[in-house]
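Reproduced below: coords_39.txt, with compact mmCIF, C-alpha atoms.
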```txt
# COMPACT_ATOMS: atom_id res chain seq x y z
CA MET C 1 108.70 182.10 -202.01
CA HIS C 2 105.30 180.96 -203.09
CA VAL C 3 102.59 183.56 -202.52
CA LYS C 4 100.45 181.04 -200.58
CA ASN C 5 103.31 180.21 -198.24
CA LEU C 6 104.01 183.90 -197.80
CA PHE C 7 100.45 184.48 -196.68
CA SER C 8 100.60 181.51 -194.31
CA MET C 9 103.82 182.79 -192.73
CA LEU C 10 102.38 186.28 -192.50
CA SER C 11 99.29 184.89 -190.85
CA VAL C 12 101.35 182.99 -188.26
CA ARG C 13 103.59 186.01 -187.57
CA CYS C 14 100.63 188.30 -187.24
CA GLY C 15 99.01 185.75 -184.94
CA SER C 16 102.14 185.62 -182.83
CA LEU C 17 102.25 189.40 -182.76
CA GLY C 18 98.64 189.44 -181.61
CA LEU C 19 99.37 186.86 -178.97
CA MET C 20 102.34 188.87 -177.67
CA LEU C 21 100.38 192.09 -177.80
CA GLY C 22 97.46 190.52 -175.97
CA ALA C 23 99.74 188.98 -173.41
CA GLY C 24 101.50 192.29 -172.96
CA ILE C 25 98.24 194.09 -172.31
CA GLY C 26 97.28 191.32 -169.92
CA VAL C 27 100.52 191.75 -168.02
CA VAL C 28 100.17 195.53 -167.91
CA ALA C 29 96.63 195.23 -166.68
CA CYS C 30 97.82 192.74 -164.11
CA GLY C 31 100.71 194.94 -163.08
CA GLY C 32 98.58 196.87 -160.64
CA GLY C 33 98.01 193.72 -158.75
CA SER C 34 101.46 192.25 -158.71
CA ALA C 35 103.28 191.89 -155.47
CA ARG C 36 105.60 194.56 -154.19
CA SER C 37 108.30 193.00 -152.12
CA ALA C 38 109.62 194.61 -149.00
CA PRO C 39 112.20 193.46 -146.46
CA ALA C 40 111.02 190.72 -144.15
CA THR C 41 111.49 192.85 -141.10
CA SER C 42 108.88 195.49 -140.65
CA ALA C 43 110.10 199.02 -140.25
CA THR C 44 107.13 201.18 -139.65
CA SER C 45 104.43 201.84 -137.17
CA SER C 46 101.18 203.68 -137.50
CA PRO C 47 99.15 205.42 -134.81
CA ALA C 48 96.89 202.40 -134.81
CA ASP C 49 99.89 200.22 -134.04
CA ASP C 50 101.01 202.14 -131.00
CA GLU C 51 98.72 200.50 -128.47
CA THR C 52 99.30 197.07 -129.93
CA THR C 53 103.04 197.60 -129.67
CA ALA C 54 102.78 199.07 -126.16
CA ASP C 55 100.72 196.11 -124.99
CA LEU C 56 103.10 193.50 -126.35
CA THR C 57 106.16 195.46 -125.22
CA GLU C 58 104.80 195.59 -121.68
CA HIS C 59 104.31 191.83 -121.77
CA HIS C 60 107.76 191.05 -123.12
CA ARG C 61 109.31 193.36 -120.56
CA TYR C 62 108.18 191.17 -117.67
CA HIS C 63 107.64 187.66 -119.10
CA HIS C 64 110.75 185.89 -120.31
CA HIS C 65 110.68 182.48 -118.65
CA GLY C 66 110.18 180.21 -121.66
CA GLY C 67 112.49 182.08 -124.00
CA ILE C 68 112.01 180.93 -127.59
CA THR C 69 109.47 178.32 -126.54
CA LEU C 70 107.35 181.08 -125.03
CA PHE C 71 107.45 182.94 -128.35
CA ILE C 72 106.20 179.79 -130.08
CA ALA C 73 103.42 179.22 -127.55
CA MET C 74 102.31 182.85 -127.83
CA SER C 75 102.28 182.56 -131.61
CA LEU C 76 99.65 179.86 -131.36
CA ASP C 77 97.21 182.42 -129.91
CA THR C 78 96.65 183.95 -133.34
CA LEU C 79 97.78 181.37 -135.84
CA GLY C 80 94.32 181.20 -137.38
CA VAL C 81 94.17 177.47 -137.96
CA SER C 82 91.14 175.64 -139.28
CA PRO C 83 88.38 174.48 -136.93
CA GLU C 84 89.54 170.91 -137.50
CA GLN C 85 93.02 171.77 -136.22
CA GLN C 86 91.92 174.00 -133.36
CA ALA C 87 91.58 171.33 -130.67
CA GLY C 88 94.98 169.86 -131.52
CA VAL C 89 96.70 173.26 -131.49
CA GLU C 90 95.09 174.15 -128.15
CA ARG C 91 96.25 170.85 -126.68
CA ILE C 92 99.81 171.54 -127.81
CA ARG C 93 99.64 175.13 -126.53
CA ARG C 94 98.61 173.94 -123.08
CA ASP C 95 101.28 171.24 -123.17
CA LEU C 96 103.95 173.83 -123.97
CA TYR C 97 102.84 176.06 -121.09
CA ALA C 98 102.81 173.05 -118.76
CA ARG C 99 106.39 172.26 -119.70
CA MET C 100 107.38 175.90 -119.10
CA GLU C 101 105.65 175.96 -115.71
CA PRO C 102 108.80 175.51 -113.56
CA ALA C 103 110.37 178.50 -115.32
CA ARG C 104 107.17 180.52 -115.01
CA ALA C 105 107.00 179.80 -111.29
CA ALA C 106 110.64 180.83 -110.88
CA GLU C 107 109.98 184.06 -112.75
CA GLN C 108 106.90 184.68 -110.63
CA ASN C 109 109.05 184.31 -107.52
CA LEU C 110 111.59 186.79 -108.87
CA THR C 111 108.98 189.37 -109.83
CA ALA C 112 107.20 189.03 -106.50
CA THR C 113 110.49 189.45 -104.66
CA LEU C 114 111.17 192.65 -106.59
CA ALA C 115 107.61 193.90 -106.01
CA ASN C 116 107.93 193.35 -102.27
CA GLY C 117 111.28 195.13 -102.22
CA ILE C 118 109.93 198.12 -104.09
CA ALA C 119 106.83 198.29 -101.92
CA THR C 120 108.93 198.39 -98.77
CA GLY C 121 111.64 200.60 -100.25
CA SER C 122 114.35 198.01 -99.73
CA VAL C 123 115.10 195.38 -102.38
CA ASP C 124 116.70 192.23 -100.96
CA THR C 125 119.49 191.74 -103.47
CA ALA C 126 120.50 188.34 -102.09
CA ALA C 127 116.96 187.05 -102.50
CA VAL C 128 116.81 188.55 -106.00
CA ASP C 129 120.08 186.86 -106.97
CA ALA C 130 118.84 183.51 -105.68
CA ALA C 131 115.58 183.87 -107.58
CA LEU C 132 117.52 184.79 -110.73
CA ALA C 133 119.72 181.71 -110.47
CA GLN C 134 116.66 179.52 -110.03
CA LEU C 135 115.05 181.04 -113.12
CA VAL C 136 118.11 180.49 -115.31
CA VAL C 137 118.25 176.80 -114.38
CA ALA C 138 114.55 176.37 -115.11
CA ALA C 139 114.78 178.24 -118.41
CA ALA C 140 117.65 176.08 -119.59
CA ALA C 141 115.46 173.00 -119.21
CA VAL C 142 112.55 174.36 -121.25
CA GLN C 143 113.85 173.60 -124.73
CA ALA C 144 114.53 169.91 -124.13
CA ALA C 145 111.23 169.53 -122.30
CA SER C 146 109.33 171.06 -125.21
CA ALA C 147 110.68 168.90 -128.03
CA VAL C 148 107.75 166.47 -128.23
CA PRO C 149 104.95 169.07 -128.47
CA LEU C 150 106.99 171.09 -130.96
CA ASN C 151 107.36 168.05 -133.19
CA ASP C 152 103.64 167.37 -132.83
CA LEU C 153 102.94 170.96 -133.80
CA HIS C 154 105.02 170.72 -136.95
CA ALA C 155 103.17 167.57 -137.95
CA LEU C 156 99.79 169.19 -137.35
CA LEU C 157 100.31 172.44 -139.27
CA THR C 158 100.09 173.02 -143.01
CA PRO C 159 103.08 174.61 -144.82
CA PRO C 160 101.47 178.11 -144.90
CA GLU C 161 100.65 177.84 -141.18
CA ARG C 162 104.28 176.90 -140.46
CA VAL C 163 105.38 179.99 -142.37
CA ALA C 164 102.98 182.12 -140.34
CA LEU C 165 104.21 180.63 -137.08
CA VAL C 166 107.85 181.34 -137.92
CA ASP C 167 106.92 184.92 -138.85
CA LYS C 168 105.17 185.38 -135.54
CA VAL C 169 108.09 183.96 -133.57
CA GLN C 170 110.45 186.35 -135.37
CA ALA C 171 108.05 189.21 -134.70
CA HIS C 172 107.92 188.39 -130.98
CA TRP C 173 111.71 188.35 -130.93
CA ALA C 174 111.86 191.77 -132.58
CA VAL C 175 109.42 193.26 -130.08
CA TRP C 176 111.19 191.52 -127.19
CA GLN C 177 114.49 193.14 -128.17
CA LYS C 178 112.92 196.59 -128.20
CA ALA C 179 111.16 195.95 -124.91
CA ASN C 180 114.40 194.97 -123.24
CA ALA C 181 116.71 197.48 -124.89
CA ASP C 182 119.24 199.18 -122.68
CA GLN C 183 117.49 202.00 -120.83
CA ALA C 184 120.72 203.70 -119.85
CA GLY C 185 121.32 205.25 -123.25
CA ALA C 186 120.85 208.97 -123.63
CA VAL C 187 118.78 208.58 -126.75
CA GLN C 188 115.22 207.65 -125.93
CA THR C 189 112.42 207.41 -128.39
CA GLU C 190 108.88 208.54 -127.91
CA GLY C 191 106.89 205.68 -126.49
CA ASP C 192 109.80 203.55 -125.35
CA TYR C 193 109.35 201.52 -122.19
CA PHE C 194 111.05 203.91 -119.77
CA THR C 195 109.29 206.95 -121.20
CA ARG C 196 105.93 205.26 -120.78
CA LEU C 197 106.79 204.11 -117.27
CA ALA C 198 107.85 207.64 -116.35
CA THR C 199 104.52 208.91 -117.59
CA ASP C 200 102.57 206.20 -115.81
CA LEU C 201 104.31 206.85 -112.48
CA GLY C 202 104.32 210.62 -112.88
CA LEU C 203 108.09 210.95 -112.58
CA THR C 204 109.57 214.43 -112.53
CA ALA C 205 112.40 215.44 -114.86
CA GLU C 206 114.73 215.40 -111.87
CA GLN C 207 113.71 211.82 -111.01
CA VAL C 208 114.19 210.73 -114.62
CA GLY C 209 117.70 212.21 -114.61
CA ARG C 210 118.63 210.46 -111.38
CA ILE C 211 117.27 207.14 -112.64
CA ARG C 212 119.21 207.43 -115.89
CA ALA C 213 122.40 208.10 -113.95
CA GLY C 214 121.69 205.06 -111.79
CA LEU C 215 121.01 202.92 -114.84
CA ALA C 216 124.31 203.95 -116.39
CA ASP C 217 126.10 202.66 -113.30
CA GLU C 218 124.03 199.49 -113.23
CA SER C 219 124.62 198.77 -116.90
CA LYS C 220 128.36 198.55 -116.25
CA ALA C 221 127.71 195.70 -113.82
CA ALA C 222 125.05 193.97 -115.91
CA PRO C 223 125.97 190.83 -117.83
CA PRO C 224 126.51 191.37 -121.58
CA PHE C 225 123.90 190.16 -124.01
CA ASP C 226 124.51 188.96 -127.53
CA PRO C 227 121.24 188.99 -129.49
CA GLN C 228 123.00 187.34 -132.41
CA GLU C 229 123.09 184.05 -130.52
CA VAL C 230 119.30 184.00 -130.28
CA SER C 231 118.89 185.32 -133.82
CA THR C 232 121.03 182.50 -135.17
CA VAL C 233 118.97 179.90 -133.34
CA LEU C 234 115.74 181.47 -134.59
CA VAL C 235 116.93 181.48 -138.20
CA ALA C 236 117.84 177.81 -137.93
CA PHE C 237 114.52 177.05 -136.26
CA GLY C 238 112.63 178.93 -138.97
CA ASP C 239 114.41 177.19 -141.81
CA ALA C 240 113.78 173.79 -140.28
CA PHE C 241 110.21 174.40 -139.18
CA ARG C 242 109.14 175.68 -142.59
CA GLY C 243 110.49 172.50 -144.13
CA ASP C 244 108.88 169.11 -144.43
CA HIS C 245 111.09 167.48 -141.84
CA PHE C 246 111.60 168.96 -138.41
CA ASP C 247 113.05 167.55 -135.21
CA ALA C 248 113.11 169.84 -132.19
CA VAL C 249 115.53 167.51 -130.44
CA ALA C 250 118.20 168.61 -132.91
CA PHE C 251 118.06 172.19 -131.63
CA THR C 252 120.51 171.73 -128.83
CA THR C 253 121.81 175.29 -129.26
CA ALA C 254 118.40 176.60 -128.23
CA ARG C 255 119.06 175.45 -124.68
CA GLY C 256 122.00 177.82 -124.24
CA ALA C 257 120.22 180.62 -126.08
CA ASN C 258 117.16 180.26 -123.88
CA ALA C 259 119.19 180.41 -120.68
CA HIS C 260 121.21 183.33 -122.02
CA MET C 261 118.18 185.31 -123.08
CA VAL C 262 116.05 184.65 -120.01
CA GLY C 263 118.92 185.14 -117.57
CA TRP C 264 120.02 188.42 -119.12
CA ALA C 265 116.50 189.83 -119.39
CA ALA C 266 115.59 188.94 -115.83
CA ALA C 267 118.84 190.40 -114.50
CA HIS C 268 118.30 193.48 -116.64
CA MET C 269 114.80 193.89 -115.23
CA ALA C 270 116.11 193.50 -111.67
CA HIS C 271 118.89 196.05 -112.25
CA PHE C 272 116.42 198.46 -113.76
CA LEU C 273 114.04 198.21 -110.83
CA GLU C 274 116.84 198.44 -108.29
CA ALA C 275 117.95 201.66 -109.95
CA VAL C 276 114.43 203.05 -110.08
CA SER C 277 113.28 202.16 -106.58
CA PRO C 278 115.41 204.57 -104.46
CA VAL C 279 114.28 207.55 -106.53
CA LEU C 280 110.53 206.98 -106.19
CA THR C 281 108.12 208.49 -103.72
CA ALA C 282 106.05 206.17 -101.53
CA ASP C 283 103.05 206.51 -103.83
CA GLN C 284 105.13 205.84 -106.92
CA ARG C 285 106.67 202.77 -105.26
CA ALA C 286 103.21 201.47 -104.37
CA ASN C 287 102.08 202.01 -107.95
CA LEU C 288 105.08 200.21 -109.42
CA ALA C 289 104.85 197.38 -106.86
CA GLN C 290 101.20 196.87 -107.77
CA ARG C 291 102.12 196.74 -111.44
CA LEU C 292 104.80 194.13 -110.76
CA SER C 293 102.46 192.07 -108.60
CA GLU C 294 99.96 191.96 -111.43
CA HIS C 295 102.65 190.72 -113.79
CA ALA C 296 103.75 188.12 -111.24
CA SER C 297 100.24 186.72 -111.01
CA HIS C 298 99.64 186.80 -114.76
CA ASN C 299 99.57 183.21 -115.99
CA PRO C 300 98.97 182.91 -119.74
CA SER C 301 98.49 179.15 -119.57
CA ALA C 302 95.31 179.71 -117.59
CA GLU C 303 93.80 181.51 -120.57
CA ALA C 304 92.18 179.42 -123.24
CA SER C 305 93.03 180.23 -126.82
CA PRO C 306 89.67 180.69 -128.56
CA MET F 1 95.97 190.02 -201.38
CA SER F 2 92.51 188.61 -201.65
CA ARG F 3 89.73 189.71 -199.37
CA VAL F 4 89.51 186.18 -197.96
CA LYS F 5 93.19 186.15 -197.04
CA GLN F 6 92.97 189.57 -195.44
CA THR F 7 89.98 188.46 -193.38
CA ARG F 8 91.84 185.33 -192.28
CA ILE F 9 94.84 187.37 -191.10
CA VAL F 10 92.66 189.81 -189.19
CA ARG F 11 90.81 186.93 -187.53
CA SER F 12 94.07 185.26 -186.65
CA VAL F 13 95.44 188.39 -185.00
CA ALA F 14 92.18 189.03 -183.15
CA CYS F 15 91.95 185.48 -181.86
CA ALA F 16 95.54 185.46 -180.71
CA PHE F 17 95.05 188.83 -179.03
CA ALA F 18 92.03 187.56 -177.14
CA LEU F 19 93.84 184.37 -176.22
CA GLY F 20 96.79 186.32 -174.85
CA VAL F 21 94.64 188.54 -172.72
CA THR F 22 92.67 185.59 -171.44
CA VAL F 23 95.64 183.38 -170.62
CA VAL F 24 97.68 186.04 -168.87
CA GLY F 25 94.66 187.52 -167.20
CA THR F 26 93.59 184.16 -165.85
CA ALA F 27 96.94 182.70 -164.89
CA GLY F 28 98.81 185.78 -163.78
CA CYS F 29 96.01 187.77 -162.25
CA GLY F 30 93.90 184.99 -160.89
CA MET F 31 94.34 186.17 -157.33
CA GLU F 32 94.23 189.84 -158.18
CA VAL F 33 90.81 190.26 -159.66
CA GLY F 34 88.80 192.36 -157.29
CA ALA F 35 87.76 195.80 -156.24
CA ASP F 36 89.95 198.80 -155.66
CA TYR F 37 90.86 199.30 -152.04
CA PRO F 38 88.86 201.73 -149.94
CA ALA F 39 90.45 205.15 -149.94
CA GLY F 40 91.92 206.97 -147.00
CA TYR F 41 94.19 204.34 -145.53
CA TYR F 42 97.90 204.50 -144.98
CA GLY F 43 99.96 201.82 -146.60
CA ASP F 44 102.99 199.98 -145.36
CA TYR F 45 103.81 196.44 -144.46
CA PRO F 46 102.75 195.07 -141.07
CA SER F 47 104.58 195.97 -137.88
CA ASP F 48 106.15 193.26 -135.74
CA ALA F 49 103.59 193.75 -132.98
CA TYR F 50 100.75 193.44 -135.51
CA ILE F 51 102.12 190.20 -136.95
CA ALA F 52 102.71 188.78 -133.48
CA THR F 53 99.19 189.51 -132.24
CA THR F 54 96.90 189.24 -135.28
CA GLU F 55 95.43 186.25 -137.05
CA PRO F 56 96.37 185.89 -140.70
CA PHE F 57 94.04 184.71 -143.41
CA TYR F 58 95.42 181.93 -145.55
CA TYR F 59 94.93 182.77 -149.19
CA GLY F 60 96.63 181.49 -152.28
CA GLY F 61 98.94 179.38 -150.13
CA TYR F 62 100.24 182.33 -148.11
CA PRO F 63 99.52 183.77 -144.67
CA THR F 64 97.98 187.12 -145.48
CA TYR F 65 97.41 190.15 -143.27
CA TRP F 66 95.10 193.10 -143.77
CA TYR F 67 97.14 196.07 -142.67
CA GLY F 68 97.02 199.76 -143.40
CA GLY F 69 94.39 199.36 -146.09
CA HIS F 70 96.12 196.62 -148.07
CA TRP F 71 96.59 192.89 -148.00
CA TYR F 72 100.16 191.72 -147.44
CA TYR F 73 101.43 188.19 -147.80
CA ARG F 74 104.65 186.38 -147.08
CA ASN F 75 106.49 184.97 -150.02
CA GLY F 76 109.92 183.47 -149.65
CA GLY F 77 110.84 185.46 -146.59
CA ARG F 78 109.70 188.76 -148.06
CA TRP F 79 106.50 190.72 -147.95
CA GLY F 80 104.34 191.00 -151.01
CA ARG F 81 101.40 193.32 -151.36
CA TYR F 82 98.28 192.98 -153.46
CA ASP F 83 97.93 196.32 -155.14
CA ARG F 84 94.32 195.50 -155.94
CA GLU F 85 92.18 193.65 -153.44
CA PRO F 86 91.58 190.04 -154.50
CA ALA F 87 87.92 189.11 -154.52
CA GLY F 88 88.46 186.27 -152.06
CA LEU F 89 90.16 188.51 -149.56
CA TYR F 90 87.56 191.22 -150.02
CA GLN F 91 84.94 188.68 -149.01
CA ARG F 92 86.99 187.68 -145.98
CA ARG F 93 87.35 191.29 -144.93
CA MET F 94 83.65 191.90 -145.25
CA ALA F 95 82.99 188.83 -143.10
CA GLY F 96 84.70 190.39 -140.10
CA ALA F 97 87.92 191.65 -138.62
CA PRO F 98 90.83 189.33 -137.93
CA ARG F 99 91.16 188.37 -134.29
CA GLN F 100 93.82 190.13 -132.26
CA HIS F 101 95.20 188.94 -128.96
CA ALA F 102 95.83 191.39 -126.13
CA TYR F 103 98.46 190.33 -123.64
CA GLU F 104 98.08 193.18 -121.19
CA ARG F 105 95.41 195.67 -120.26
CA GLY F 106 94.58 198.79 -122.23
CA ARG F 107 94.40 197.10 -125.54
CA SER F 108 93.06 198.57 -128.75
CA GLY F 109 91.86 196.76 -131.80
CA GLY F 110 92.64 196.01 -135.39
CA HIS F 111 92.87 197.89 -138.61
CA PHE F 112 89.54 197.51 -140.31
CA GLY F 113 88.65 200.92 -139.04
CA GLY F 114 86.49 201.95 -136.10
CA ASN F 115 85.10 199.37 -133.79
CA ALA F 116 84.95 196.82 -136.59
CA GLY F 117 88.62 196.29 -136.06
CA ARG F 118 88.34 195.67 -132.36
CA ALA F 119 89.17 192.26 -131.17
CA GLY F 120 88.54 190.78 -127.82
CA GLY F 121 91.46 191.21 -125.53
CA ARG F 122 91.96 188.74 -122.76
CA ARG F 123 93.63 189.07 -119.52
```

Let me see whether you can do it: turn the structure in this file into structure tokens.
Amino acid sequence: MHVKNLFSMLSVRCGSLGLMLGAGIGVVACGGGSARSAPATSATSSPADDETTADLTEHHRYHHHGGITLFIAMSLDTLGVSPEQQAGVERIRRDLYARMEPARAAEQNLTATLANGIATGSVDTAAVDAALAQLVVAAAAVQAASAVPLNDLHALLTPPERVALVDKVQAHWAVWQKANADQAGAVQTEGDYFTRLATDLGLTAEQVGRIRAGLADESKAAPPFDPQEVSTVLVAFGDAFRGDHFDAVAFTTARGANAHMVGWAAAHMAHFLEAVSPVLTADQRANLAQRLSEHASHNPSAEASP
Amino acid sequence: MSRVKQTRIVRSVACAFALGVTVVGTAGCGMEVGADYPAGYYGDYPSDAYIATTEPFYYGGYPTYWYGGHWYYRNGGRWGRYDREPAGLYQRRMAGAPRQHAYERGRSGGHFGGNAGRAGGRR
């Protein structure tokens, strides 16, 4: 090989080596900033999270009426859209709540019926059953009624905002499941709904034991719930909503999932309160009835999203 | 080897080295250039309740949440974390806490620390 060519080749190889070395150092330096992936579902809580979780859990314990559509409407409260999009998102949010109004009114009737029964120490089970049936019918109609604003929402949002919305819907579903977990189980975690309620009402250990025994009996009569049905619908919704083309009308399975979820949760709440009520003192009943009445009168659609 | 040739090789290596650092640093770390995070925070990806009730910032094409002393973003159905705080997000954080929505009474605020993290609850 000619000496000149040798030098040229050496120069190129050394240049390549320098390029690789420089790139390597760049990558190493960048390594501290690279993303660490973690499972999509969150697994932890911090002390700072506890009140946030308790607040949302309390809400999902008593407000089910819109099912998945309610999760979507709630997600709009903190989607963080641009000022240019804000008016459009608020219009859609109000439209969604308007279309859920029959279900909200039915749920309000159920909660008020339970509150009255607890206040008087005698829950009218026939009236509760009638209110439950009315709620299930109304909840089943929510999905079809919400198709137009959901399609409008998809058209209005940017791809990252759609991703954020799907995340929030999934997060609401995760919190909802914890809020409505079976209270009859022997294993209770610190801060779960029943533990907090027991603290709030000042229940004695003897009262807690009697309520748990009552819940175990009630759970045998309660309708079964399959969260997988809702999870499947939410996965399909998420996949479609993140995409460029979305049609809410196609989600016919959401109708059954909504009715299933809302009906089970409302019945579960009624069974829970019917088991709790006979064990309470008059003061505790008044306290719980007041709490229920506040939930019954709580109307999120009346609150503007800033 | 002549002195001229040696100089040329050294220059070549040095230029390529600089080019490599620049290209990778710019393209790969474009979103990562920024200050170290403040010390004393815990670190884990956001809880469900936090995601459900807190406004994200949109940065680099992702919804991004400040949580536990780090910025987390969603990428392909998984959480990613910026191990160093990007300059753009640092500026957003300094501009104010993300808004949180309280659905019931007795709410507490966000994660920027102290009252800076509080967000107006409504009910």

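With all atoms listed in the file as the basis for measurement, C:Leu56 is the residue among C:Val208, C:Ala127, C:Ile68, C:Leu56 that approaches chain F most closely.
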
Could you give me, as a list of chain:residue names, the residues within 7 Å of segment 147-149 of chain C, counting all atoms listed in the file and dropping anything in the same chain fewer than 3 positions from it?
C:Ile92, C:Asp95, C:Leu96, C:Gln143, C:Ala144, C:Asp152, C:Leu153, C:Ala248, C:Val249

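Distances here use all atoms listed in the file; by that measure, the residue among C:Val136, C:Ala266, C:Ala105, C:Ala164 closest to Glu55 of chain F is C:Ala164.
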
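Of note, atom CA of Val142 of chain C and atom CA of Ala259 of chain C are spaced 9.0 Å apart.
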
Residues at most 8 Å from Trp71 of chain F, counting all atoms listed in the file, excluding those fewer than 2 positions away in the same chain, as a list in words?
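The residues satisfying every condition are Thr64, Tyr65, Trp66, Tyr67, Gly69, Tyr73, Arg81, Tyr82, Glu85 and Leu89 of chain F.
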
If you keep C-alpha atoms, can you produce a file of those selected residues as an mmCIF file, in the coordinates of the input?
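Okay, this is what ended up in again-v3.cif:
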```
data_model
loop_
_atom_site.group_PDB
_atom_site.id
_atom_site.type_symbol
_atom_site.label_atom_id
_atom_site.label_comp_id
_atom_site.auth_asym_id
_atom_site.auth_seq_id
_atom_site.Cartn_x
_atom_site.Cartn_y
_atom_site.Cartn_z
ATOM 1 C CA THR F 64 97.980 187.120 -145.480
ATOM 2 C CA TYR F 65 97.410 190.150 -143.270
ATOM 3 C CA TRP F 66 95.100 193.100 -143.770
ATOM 4 C CA TYR F 67 97.140 196.070 -142.670
ATOM 5 C CA GLY F 69 94.390 199.360 -146.090
ATOM 6 C CA TYR F 73 101.430 188.190 -147.800
ATOM 7 C CA ARG F 81 101.400 193.320 -151.360
ATOM 8 C CA TYR F 82 98.280 192.980 -153.460
ATOM 9 C CA GLU F 85 92.180 193.650 -153.440
ATOM 10 C CA LEU F 89 90.160 188.510 -149.560
#
```

When you count only C-alpha atoms, which of these residues is closest to Ala49 of chain F: F:Tyr72, F:Met94, F:Ala102, F:Gly61?
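With only C-alpha atoms as the atom set, the closest residue is F:Ala102.
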
For Glu294 of chain C, please output as a compact mmCIF listing (two decimals) with C-alpha atoms, keeping the file's coordinate frame all residues within 12 Å (counting all atoms listed in the file; exclusion window: fewer than 4 positions along the same chain).
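What follows is the written file result.txt:
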```txt
# COMPACT_ATOMS: atom_id res chain seq x y z
CA GLU C 58 104.80 195.59 -121.68
CA HIS C 59 104.31 191.83 -121.77
CA TYR C 62 108.18 191.17 -117.67
CA HIS C 63 107.64 187.66 -119.10
CA GLN C 108 106.90 184.68 -110.63
CA THR C 111 108.98 189.37 -109.83
CA ALA C 112 107.20 189.03 -106.50
CA ALA C 115 107.61 193.90 -106.01
CA ASN C 287 102.08 202.01 -107.95
CA LEU C 288 105.08 200.21 -109.42
CA ALA C 289 104.85 197.38 -106.86
CA GLN C 290 101.20 196.87 -107.77
CA HIS C 298 99.64 186.80 -114.76
CA ASN C 299 99.57 183.21 -115.99
CA GLU F 104 98.08 193.18 -121.19
CA ARG F 105 95.41 195.67 -120.26
CA ARG F 123 93.63 189.07 -119.52
```
